[in-house]
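**Student:** My questions will all concern the structure given below.
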Amino acid sequence: MKPETKPSLSARISSALQRLQRIRTSVFAPSEDGSSKTVHPQDTPAPETRRNENGPPPLVINSIANPPDAENNRKPNTPLWEKAAVLAAFGLLVVNVLLWCSTKKAANAAETAANVAKQQLELSTRPWVQVKGELNFKYLGFRPIQDYVRLESGMTYTLENTGNSPAFKVTEAIAPVFPTSTELPNDWRLQACRISDEMSVGKNMGGVVIMPKGTTDKPHPITVSIPIPADVKQANFIWVVGCITYQDTFNRLKNLHHTKMLYIIRSQKPVILTNLPANGLTPFPTNAIQLVDSDAD
């Protein structure tokens, strides 16, 4: 085996000069016009900005980095079974609403029927108090006292209970009143009910108990004397107002019952009040007593 021989110093220098020459040739290359030009790295344009001065400008295309996929953006078709499920749910909702309306209507009808049945039961079991027959006047006439005239009367009547339960605290206020006009004396009837209520539930409570289908033990006598306005010159008719107050077995004081009445007594001939005898009672000539109006609660 031969020992490795090293190149001489002159050979190494020659080789280094050849490499330098090749580098110089590549750096200082001649230009197209025949002149040499030193090319520096900073003078070299970027690839995207480099353009040919003699040619047309480069075409610049602004492309989207991630173009949308038309197939992916297309709205998918709803499956048929899903449409059917939506329609079925809507139909079920409509059926439920109609069922709720029908149930509510049936509940209201049942409630109304129950209230009517309850009211009918109360009406059939409660007491009903009224005047039995007619009012009986023992006397009815006019008496002059000094410079005015008074209407005086005495009458009897019997109360009866036509209901199916006892009537408690039965009181009444019935009295003749002299008319000041031809209008119905509704205010007088309300006043009679206030007086009767006070007697039934007020401090001086009174009244009687009337059993079902029963009457008062004896006729109630009543005497009334009322003044007549001085400007009234004659009498053609007289009103009789009345109100009966009573309580039932169920409600007692919570719900008072009333029977309100209005009678009219017509005269056979007008009574001239300015020509009355000084002494005694001048009778009021009556044809009959007529019931004009009556209601109960």
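Ordered as shown in the structure tokens, chains take letters A, B, and onward, while each chain numbers its residues from 1 and ligands are numbered from 1 in the order shown.
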Mind the document's chain letters and residue numbers, and return as a PyMOL selection string the residues of range 41-279 of chain A that DSSP labels helix (DSSP H, G or I).
**Tutor:** chain A and resi 41-43+70-73+80-125+186-201+252-254+273-275
**Student:** Just want the 12 Å neighbourhood of range 270-274 of chain A, counted on only C-alpha atoms, with same-chain residues fewer than 5 positions away dropped. Output as a PyMOL selection string.
**Tutor:** chain A and resi 141-145+147-151+228-238+281-286
**Student:** Go ahead and save the residues from that selection, with N, CA and C atoms, as a PDB file, in the first residue's frame.
**Tutor:**
```
ATOM      1  N   GLY A 141    -160.876  57.273  56.674  1.00  0.00           N
ATOM      2  CA  GLY A 141    -161.504  58.569  56.423  1.00  0.00           C
ATOM      3  C   GLY A 141    -160.599  59.721  56.792  1.00  0.00           C
ATOM      4  N   PHE A 142    -161.199  60.931  56.830  1.00  0.00           N
ATOM      5  CA  PHE A 142    -160.459  62.167  57.036  1.00  0.00           C
ATOM      6  C   PHE A 142    -161.003  62.870  58.274  1.00  0.00           C
ATOM      7  N   ARG A 143    -160.067  63.402  59.054  1.00  0.00           N
ATOM      8  CA  ARG A 143    -160.443  64.123  60.259  1.00  0.00           C
ATOM      9  C   ARG A 143    -159.705  65.461  60.267  1.00  0.00           C
ATOM     10  N   PRO A 144    -160.464  66.586  60.311  1.00  0.00           N
ATOM     11  CA  PRO A 144    -159.823  67.901  60.393  1.00  0.00           C
ATOM     12  C   PRO A 144    -159.317  68.159  61.811  1.00  0.00           C
ATOM     13  N   ILE A 145    -158.091  68.619  61.909  1.00  0.00           N
ATOM     14  CA  ILE A 145    -157.488  68.983  63.196  1.00  0.00           C
ATOM     15  C   ILE A 145    -156.865  70.367  63.011  1.00  0.00           C
ATOM     16  N   ASP A 147    -155.840  73.503  61.587  1.00  0.00           N
ATOM     17  CA  ASP A 147    -155.774  74.053  60.237  1.00  0.00           C
ATOM     18  C   ASP A 147    -155.305  73.026  59.200  1.00  0.00           C
ATOM     19  N   TYR A 148    -155.302  71.743  59.489  1.00  0.00           N
ATOM     20  CA  TYR A 148    -154.941  70.740  58.497  1.00  0.00           C
ATOM     21  C   TYR A 148    -155.813  69.499  58.690  1.00  0.00           C
ATOM     22  N   VAL A 149    -155.698  68.556  57.756  1.00  0.00           N
ATOM     23  CA  VAL A 149    -156.523  67.359  57.752  1.00  0.00           C
ATOM     24  C   VAL A 149    -155.618  66.137  57.848  1.00  0.00           C
ATOM     25  N   ARG A 150    -156.082  65.110  58.589  1.00  0.00           N
ATOM     26  CA  ARG A 150    -155.333  63.870  58.719  1.00  0.00           C
ATOM     27  C   ARG A 150    -156.135  62.718  58.115  1.00  0.00           C
ATOM     28  N   LEU A 151    -155.379  61.765  57.505  1.00  0.00           N
ATOM     29  CA  LEU A 151    -155.972  60.527  57.005  1.00  0.00           C
ATOM     30  C   LEU A 151    -155.810  59.466  58.090  1.00  0.00           C
ATOM     31  N   ILE A 228    -152.192  65.367  55.750  1.00  0.00           N
ATOM     32  CA  ILE A 228    -152.365  65.619  54.323  1.00  0.00           C
ATOM     33  C   ILE A 228    -151.892  67.047  54.038  1.00  0.00           C
ATOM     34  N   PRO A 229    -151.110  67.245  52.967  1.00  0.00           N
ATOM     35  CA  PRO A 229    -150.633  68.590  52.666  1.00  0.00           C
ATOM     36  C   PRO A 229    -151.784  69.588  52.540  1.00  0.00           C
ATOM     37  N   ALA A 230    -151.546  70.804  53.009  1.00  0.00           N
ATOM     38  CA  ALA A 230    -152.603  71.821  53.051  1.00  0.00           C
ATOM     39  C   ALA A 230    -153.077  72.242  51.661  1.00  0.00           C
ATOM     40  N   ASP A 231    -152.218  72.079  50.639  1.00  0.00           N
ATOM     41  CA  ASP A 231    -152.622  72.529  49.305  1.00  0.00           C
ATOM     42  C   ASP A 231    -153.483  71.490  48.582  1.00  0.00           C
ATOM     43  N   VAL A 232    -153.691  70.301  49.195  1.00  0.00           N
ATOM     44  CA  VAL A 232    -154.540  69.282  48.574  1.00  0.00           C
ATOM     45  C   VAL A 232    -155.991  69.609  48.899  1.00  0.00           C
ATOM     46  N   LYS A 233    -156.838  69.723  47.887  1.00  0.00           N
ATOM     47  CA  LYS A 233    -158.226  70.150  48.071  1.00  0.00           C
ATOM     48  C   LYS A 233    -159.217  69.001  48.011  1.00  0.00           C
ATOM     49  N   GLN A 234    -158.879  67.907  47.367  1.00  0.00           N
ATOM     50  CA  GLN A 234    -159.804  66.785  47.293  1.00  0.00           C
ATOM     51  C   GLN A 234    -159.024  65.477  47.188  1.00  0.00           C
ATOM     52  N   ALA A 235    -159.751  64.371  47.463  1.00  0.00           N
ATOM     53  CA  ALA A 235    -159.146  63.044  47.413  1.00  0.00           C
ATOM     54  C   ALA A 235    -159.946  62.165  46.474  1.00  0.00           C
ATOM     55  N   ASN A 236    -159.234  61.541  45.500  1.00  0.00           N
ATOM     56  CA  ASN A 236    -159.872  60.637  44.549  1.00  0.00           C
ATOM     57  C   ASN A 236    -159.457  59.173  44.754  1.00  0.00           C
ATOM     58  N   PHE A 237    -158.255  58.956  45.265  1.00  0.00           N
ATOM     59  CA  PHE A 237    -157.786  57.593  45.536  1.00  0.00           C
ATOM     60  C   PHE A 237    -156.709  57.658  46.614  1.00  0.00           C
ATOM     61  N   ILE A 238    -156.410  56.517  47.178  1.00  0.00           N
ATOM     62  CA  ILE A 238    -155.414  56.396  48.247  1.00  0.00           C
ATOM     63  C   ILE A 238    -154.540  55.178  47.936  1.00  0.00           C
ATOM     64  N   LEU A 281    -165.190  61.837  61.973  1.00  0.00           N
ATOM     65  CA  LEU A 281    -164.427  61.278  60.850  1.00  0.00           C
ATOM     66  C   LEU A 281    -165.322  61.217  59.615  1.00  0.00           C
ATOM     67  N   THR A 282    -164.844  61.780  58.521  1.00  0.00           N
ATOM     68  CA  THR A 282    -165.557  61.700  57.251  1.00  0.00           C
ATOM     69  C   THR A 282    -165.052  60.487  56.489  1.00  0.00           C
ATOM     70  N   PRO A 283    -165.927  59.475  56.281  1.00  0.00           N
ATOM     71  CA  PRO A 283    -165.458  58.244  55.618  1.00  0.00           C
ATOM     72  C   PRO A 283    -165.036  58.501  54.178  1.00  0.00           C
ATOM     73  N   PHE A 284    -164.113  57.676  53.752  1.00  0.00           N
ATOM     74  CA  PHE A 284    -163.694  57.681  52.355  1.00  0.00           C
ATOM     75  C   PHE A 284    -164.466  56.582  51.641  1.00  0.00           C
ATOM     76  N   PRO A 285    -165.399  56.948  50.746  1.00  0.00           N
ATOM     77  CA  PRO A 285    -166.263  55.939  50.110  1.00  0.00           C
ATOM     78  C   PRO A 285    -165.471  55.132  49.080  1.00  0.00           C
ATOM     79  N   THR A 286    -165.248  53.862  49.376  1.00  0.00           N
ATOM     80  CA  THR A 286    -164.431  53.022  48.508  1.00  0.00           C
ATOM     81  C   THR A 286    -165.285  52.058  47.707  1.00  0.00           C
TER      82      THR A 286
END
```
**Student:** If we count only C-alpha atoms, what is near range 114-129 of chain A at a cut-off of 10 Å, once residues fewer than 5 positions away on the same chain are taken out, given as a ChimeraX atom specification?
**Tutor:** /A:108-109,159-168,170,210-215,244-250,257-259,296-297
**Student:** With N, CA and C atoms kept, could you save the residues just selected as a PDB file, in the first residue's frame?
**Tutor:**
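Dumped everything to again-v2.pdb:
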```pdb
ATOM      1  N   ASN A 108    -118.647  24.779  31.704  1.00  0.00           N
ATOM      2  CA  ASN A 108    -119.504  25.938  31.959  1.00  0.00           C
ATOM      3  C   ASN A 108    -120.982  25.547  31.974  1.00  0.00           C
ATOM      4  N   ALA A 109    -121.345  24.664  31.046  1.00  0.00           N
ATOM      5  CA  ALA A 109    -122.734  24.209  31.017  1.00  0.00           C
ATOM      6  C   ALA A 109    -123.082  23.430  32.285  1.00  0.00           C
ATOM      7  N   LEU A 159    -151.193  37.075  57.764  1.00  0.00           N
ATOM      8  CA  LEU A 159    -150.027  36.660  56.997  1.00  0.00           C
ATOM      9  C   LEU A 159    -149.982  35.135  56.914  1.00  0.00           C
ATOM     10  N   GLU A 160    -149.539  34.631  55.779  1.00  0.00           N
ATOM     11  CA  GLU A 160    -149.418  33.188  55.609  1.00  0.00           C
ATOM     12  C   GLU A 160    -148.071  32.845  54.971  1.00  0.00           C
ATOM     13  N   ASN A 161    -147.606  31.629  55.289  1.00  0.00           N
ATOM     14  CA  ASN A 161    -146.361  31.107  54.724  1.00  0.00           C
ATOM     15  C   ASN A 161    -146.718  29.971  53.768  1.00  0.00           C
ATOM     16  N   THR A 162    -146.559  30.216  52.467  1.00  0.00           N
ATOM     17  CA  THR A 162    -146.878  29.201  51.465  1.00  0.00           C
ATOM     18  C   THR A 162    -145.672  28.340  51.096  1.00  0.00           C
ATOM     19  N   GLY A 163    -144.517  28.569  51.742  1.00  0.00           N
ATOM     20  CA  GLY A 163    -143.311  27.808  51.432  1.00  0.00           C
ATOM     21  C   GLY A 163    -143.237  26.488  52.168  1.00  0.00           C
ATOM     22  N   ASN A 164    -142.060  25.849  52.076  1.00  0.00           N
ATOM     23  CA  ASN A 164    -141.864  24.517  52.649  1.00  0.00           C
ATOM     24  C   ASN A 164    -140.893  24.502  53.826  1.00  0.00           C
ATOM     25  N   SER A 165    -140.589  25.668  54.381  1.00  0.00           N
ATOM     26  CA  SER A 165    -139.740  25.745  55.570  1.00  0.00           C
ATOM     27  C   SER A 165    -140.215  26.913  56.430  1.00  0.00           C
ATOM     28  N   PRO A 166    -139.873  26.930  57.710  1.00  0.00           N
ATOM     29  CA  PRO A 166    -140.362  27.991  58.596  1.00  0.00           C
ATOM     30  C   PRO A 166    -139.806  29.362  58.210  1.00  0.00           C
ATOM     31  N   ALA A 167    -140.604  30.388  58.469  1.00  0.00           N
ATOM     32  CA  ALA A 167    -140.188  31.779  58.310  1.00  0.00           C
ATOM     33  C   ALA A 167    -139.985  32.374  59.691  1.00  0.00           C
ATOM     34  N   PHE A 168    -138.778  32.924  59.921  1.00  0.00           N
ATOM     35  CA  PHE A 168    -138.439  33.458  61.233  1.00  0.00           C
ATOM     36  C   PHE A 168    -138.435  34.982  61.206  1.00  0.00           C
ATOM     37  N   VAL A 170    -140.684  37.322  61.388  1.00  0.00           N
ATOM     38  CA  VAL A 170    -141.583  37.919  60.392  1.00  0.00           C
ATOM     39  C   VAL A 170    -142.105  39.244  60.939  1.00  0.00           C
ATOM     40  N   ILE A 210    -143.664  31.738  61.418  1.00  0.00           N
ATOM     41  CA  ILE A 210    -144.779  31.147  60.692  1.00  0.00           C
ATOM     42  C   ILE A 210    -144.295  29.833  60.093  1.00  0.00           C
ATOM     43  N   MET A 211    -144.916  28.753  60.472  1.00  0.00           N
ATOM     44  CA  MET A 211    -144.516  27.444  60.000  1.00  0.00           C
ATOM     45  C   MET A 211    -144.962  27.237  58.550  1.00  0.00           C
ATOM     46  N   PRO A 212    -144.387  26.233  57.854  1.00  0.00           N
ATOM     47  CA  PRO A 212    -144.798  25.981  56.466  1.00  0.00           C
ATOM     48  C   PRO A 212    -146.292  25.725  56.357  1.00  0.00           C
ATOM     49  N   LYS A 213    -146.903  26.336  55.361  1.00  0.00           N
ATOM     50  CA  LYS A 213    -148.338  26.249  55.094  1.00  0.00           C
ATOM     51  C   LYS A 213    -149.173  26.781  56.266  1.00  0.00           C
ATOM     52  N   GLY A 214    -148.540  27.577  57.107  1.00  0.00           N
ATOM     53  CA  GLY A 214    -149.247  28.109  58.269  1.00  0.00           C
ATOM     54  C   GLY A 214    -149.540  29.582  58.129  1.00  0.00           C
ATOM     55  N   THR A 215    -150.275  30.128  59.101  1.00  0.00           N
ATOM     56  CA  THR A 215    -150.648  31.541  59.138  1.00  0.00           C
ATOM     57  C   THR A 215    -150.333  32.096  60.516  1.00  0.00           C
ATOM     58  N   ILE A 244    -143.123  43.085  53.839  1.00  0.00           N
ATOM     59  CA  ILE A 244    -142.976  42.031  54.849  1.00  0.00           C
ATOM     60  C   ILE A 244    -141.529  41.558  54.822  1.00  0.00           C
ATOM     61  N   THR A 245    -140.900  41.511  55.980  1.00  0.00           N
ATOM     62  CA  THR A 245    -139.513  41.051  56.106  1.00  0.00           C
ATOM     63  C   THR A 245    -139.487  39.770  56.923  1.00  0.00           C
ATOM     64  N   TYR A 246    -138.690  38.796  56.482  1.00  0.00           N
ATOM     65  CA  TYR A 246    -138.567  37.547  57.239  1.00  0.00           C
ATOM     66  C   TYR A 246    -137.248  36.872  56.887  1.00  0.00           C
ATOM     67  N   GLN A 247    -136.895  35.885  57.703  1.00  0.00           N
ATOM     68  CA  GLN A 247    -135.653  35.149  57.533  1.00  0.00           C
ATOM     69  C   GLN A 247    -135.967  33.671  57.334  1.00  0.00           C
ATOM     70  N   ASP A 248    -135.043  32.977  56.633  1.00  0.00           N
ATOM     71  CA  ASP A 248    -135.265  31.550  56.414  1.00  0.00           C
ATOM     72  C   ASP A 248    -134.371  30.722  57.329  1.00  0.00           C
ATOM     73  N   THR A 249    -134.438  29.409  57.185  1.00  0.00           N
ATOM     74  CA  THR A 249    -133.687  28.506  58.045  1.00  0.00           C
ATOM     75  C   THR A 249    -132.209  28.471  57.678  1.00  0.00           C
ATOM     76  N   PHE A 250    -131.856  28.760  56.438  1.00  0.00           N
ATOM     77  CA  PHE A 250    -130.507  28.535  55.948  1.00  0.00           C
ATOM     78  C   PHE A 250    -129.618  29.759  56.116  1.00  0.00           C
ATOM     79  N   HIS A 257    -135.447  38.163  53.410  1.00  0.00           N
ATOM     80  CA  HIS A 257    -136.422  38.060  52.329  1.00  0.00           C
ATOM     81  C   HIS A 257    -137.487  39.144  52.509  1.00  0.00           C
ATOM     82  N   HIS A 258    -138.007  39.595  51.382  1.00  0.00           N
ATOM     83  CA  HIS A 258    -139.022  40.652  51.403  1.00  0.00           C
ATOM     84  C   HIS A 258    -140.169  40.297  50.468  1.00  0.00           C
ATOM     85  N   THR A 259    -141.345  40.717  50.878  1.00  0.00           N
ATOM     86  CA  THR A 259    -142.513  40.713  50.000  1.00  0.00           C
ATOM     87  C   THR A 259    -143.054  42.131  49.970  1.00  0.00           C
ATOM     88  N   ALA A 296    -141.401  39.597  45.318  1.00  0.00           N
ATOM     89  CA  ALA A 296    -140.751  38.975  46.471  1.00  0.00           C
ATOM     90  C   ALA A 296    -139.303  38.654  46.129  1.00  0.00           C
ATOM     91  N   ASP A 297    -138.456  38.663  47.146  1.00  0.00           N
ATOM     92  CA  ASP A 297    -137.058  38.251  46.963  1.00  0.00           C
ATOM     93  C   ASP A 297    -136.626  37.352  48.106  1.00  0.00           C
TER      94      ASP A 297
END
```
**Student:** Find the spatial neighbours of Thr158 in chain A, counting only C-alpha atoms, within a cut-off of 10 Å - ignore same-chain residues fewer than 5 positions away - and output them as JSON, numbers by chain.
**Tutor:** {"A": [130, 131, 132, 133, 134, 135, 136, 215, 216, 217, 218, 219, 220, 221]}
**Student:** Within range 140-277 of chain A, find each residue whose DSSP state, derived from the backbone, is strand (DSSP E), and express the selection as a count of residues only.
**Tutor:** 73
**Student:** Smallest atom-to-atom distance to Val292 in chain A: which of A:Pro227, A:Leu184, A:Gly207, A:Pro277, using only C-alpha atoms?
**Tutor:** A:Leu184
**Student:** Skip Cys193 in chain A itself and residues of its chain fewer than 5 positions away, then list as a count of residues only all residues within 10 Å of it, counting only C-alpha atoms.
**Tutor:** 16
**Student:** Quick one: pull the distance between CA of Gly202 in chain A and CA of Lys169 in chain A, Å, one decimal.
**Tutor:** 11.0 Å
**Student:** Counting only C-alpha atoms, which of A:Ile289, A:Val86, A:Ile264, A:Val94 gets nearest to Glu183 in chain A?
**Tutor:**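 Going through A:Ile289, A:Val86, A:Ile264, A:Val94 one by one, the smallest distance to Glu183 in chain A is for A:Ile264.
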**Student:** Nearest to Pro185 in chain A among A:Met261, A:Ala85, A:Ala107, A:Val95, with distances taken over only C-alpha atoms: which residue is it?
**Tutor:**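 Counting only C-alpha atoms, the residue closest to Pro185 in chain A is A:Met261.
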**Student:** So, with only C-alpha atoms as the atoms that count, which of A:Ala278, A:Val209, A:Leu98, A:Leu140 lies closest to Arg266 in chain A?
**Tutor:**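 Looking only at the distances to Arg266 in chain A, the closest residue turns out to be A:Leu140.
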**Student:** Go ahead and compute the interatomic distance for CA of Ser153 in chain A and CA of Tyr139 in chain A, in Å to one decimal.
**Tutor:** 5.4 Å
